[in-house]
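Remarks on the structure that follows.
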Amino acid sequence: MNNDWQRDSTNHHQKPHIVFYFSDTGGGHRSAAEAIIEALHLKYGESFTAQMVDFFKDYAPPPFSKMSDLYPEMVKAPRLWQASFYATNGRGRARVITASLWPIAREPARNLVRDHPADLIVTVHPIANTFALKALGANRPPFYTVVTDMVTTHALWFDARSDRIFVPTESARQRALEAQMQAEEVDVVGLAVADQYCMPAGNKDELRRKLGWPLEKHIALLVGGGEGMGPLARTARAIDESGLDLGLVVICGRNEKLKTALESQTWENPVFIYGFRRDMPDLMRASDVIVTKAGPGTIAEALNANLPIILYSKVPGQEDGNVTFVESEGVGVWAPKSQLVVRALTRWICRPQEHAKIVENTRRIARPSAARRIAQVLGERLGLEQKAVV
């Protein structure tokens, strides 16, 4: 009865096993999988086991096996990346892509599902869906898709054979329905982020005292992702030279060269320059506004922290809709030039009622329970027993 990819359900001593298919083409796929696994443990303790598999790195043939290394370079050609995103997007075009690549992907996909037997499979990357489902065949474990693009979702996310598709926004749900997914199989839950980003906001003054930040000034938090990408230095200098009276916090991530360069400069305002930080939730909650690229994870984390958003860069294609979402929901603005960032900050500082309205909008649309909601559905499907204390 069991195929190679299936676990032996007759062994009652085995814990239910969940396998997540992901790839490090951008940080959001790994982060979402880790957030869901964390939520599962918070709700169900050690009553299950979980495994993450980087299908590109571990199973795809060259050059696809190098996608995690190639992706950062590919998005540095924004017009080409955007053109390729939209040229391949669409239900019919997605089918053509998967059909034409299947002769190449067949053996790696079969090896993937054979090597990682599962009681339940979760994909957090659009490329994995159709190839894994074809390799699994009809007699397969439950298969769930967690969409990690906020709005502009590629058609490859949506395969009707998936048992359930979790999407971050109503706009993403509409795209799923346009791709002819069944409405009852598409759930709007928000974007899964680590549990530390989903806690109550806390006391801003207490957080600032702990961090050594000024209590009386507006604090602008500048973020460029884990690698300190984007025009961080230029934007930080423009804000500091604008004449605004504020505190500036710059997160350089792992970009040590950028951190050293910024630390060597003379600043007019109180400026705090950090490398990679593990206390980003506290830094967000202690700030008044975030200036960042339009990555879905950072947007979701900022909303959970009730933090107004200024977007200064984006990856064309999958992040285009994030800009529209932030502006249409009244939680931030698109400011691709330094002077536009300064203008937005000036407006919000000079018009505190407008800033307060934006904060209220973030509370309205934030979905801090996304990972726990997904975990609950997965746990119920596997019949996991909930911990006594959550």
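Here's how to read the names in the structure tokens: chain A, B, ... by the order shown, residue numbers from 1 in each chain, ligand numbers from 1 in the order shown.
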Taking the backbone alone, and naming residues the way the document does, which bits of segment 203-245 of chain A are strand (DSSP E or B) by DSSP, as a list in words?
His218, Ile219, Ala220, Leu221, Leu222 and Val223 of chain A
Selection near Asn129 of chain A, 12 Å with only C-alpha atoms, sequence-local residues under 4 positions removed, as a PyMOL selection string:
chain A and resi 20-22+55+94-95+98+109+113+121-125+133-136+143-147+154-165
Would you give me, as a Markdown table, each residue of segment 169-249 of chain A having an atom within 10 Å of an atom of segment 373-378 of chain A, along with its shortest atom pair and that distance in Å to one decimal, using only C-alpha atoms and sorting by chain and residue number?
```
| residue | atom | partner | partner_atom | distance |
| --- | --- | --- | --- | --- |
| A:Asp187 | CA | A:Ile374 | CA | 9.4 |
| A:Val189 | CA | A:Arg373 | CA | 7.0 |
| A:Gly190 | CA | A:Arg373 | CA | 9.2 |
| A:Leu191 | CA | A:Ile374 | CA | 9.9 |
| A:Ala192 | CA | A:Ile374 | CA | 8.2 |
```
In segment 96-144 of chain A, DSSP alpha helix (DSSP H) residues written as a PyMOL selection string
chain A and resi 96-115+128-136
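Residue nearest Leu258 of chain A within the list A:Ala87, A:Leu232, A:Ile97, A:Met280: A:Leu232 [criterion: smallest interatomic distance, only C-alpha atoms].
Closest approach to Gln174 of chain A among A:Ile239, A:Leu211, A:Val188, A:Leu307 is made by A:Val188 (distances from only C-alpha atoms).
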Under the rule that only C-alpha atoms are counted, which of A:Thr362, A:Asn269, A:Thr235, A:Asn139 is the nearest residue to Pro336 of chain A?
A:Thr235
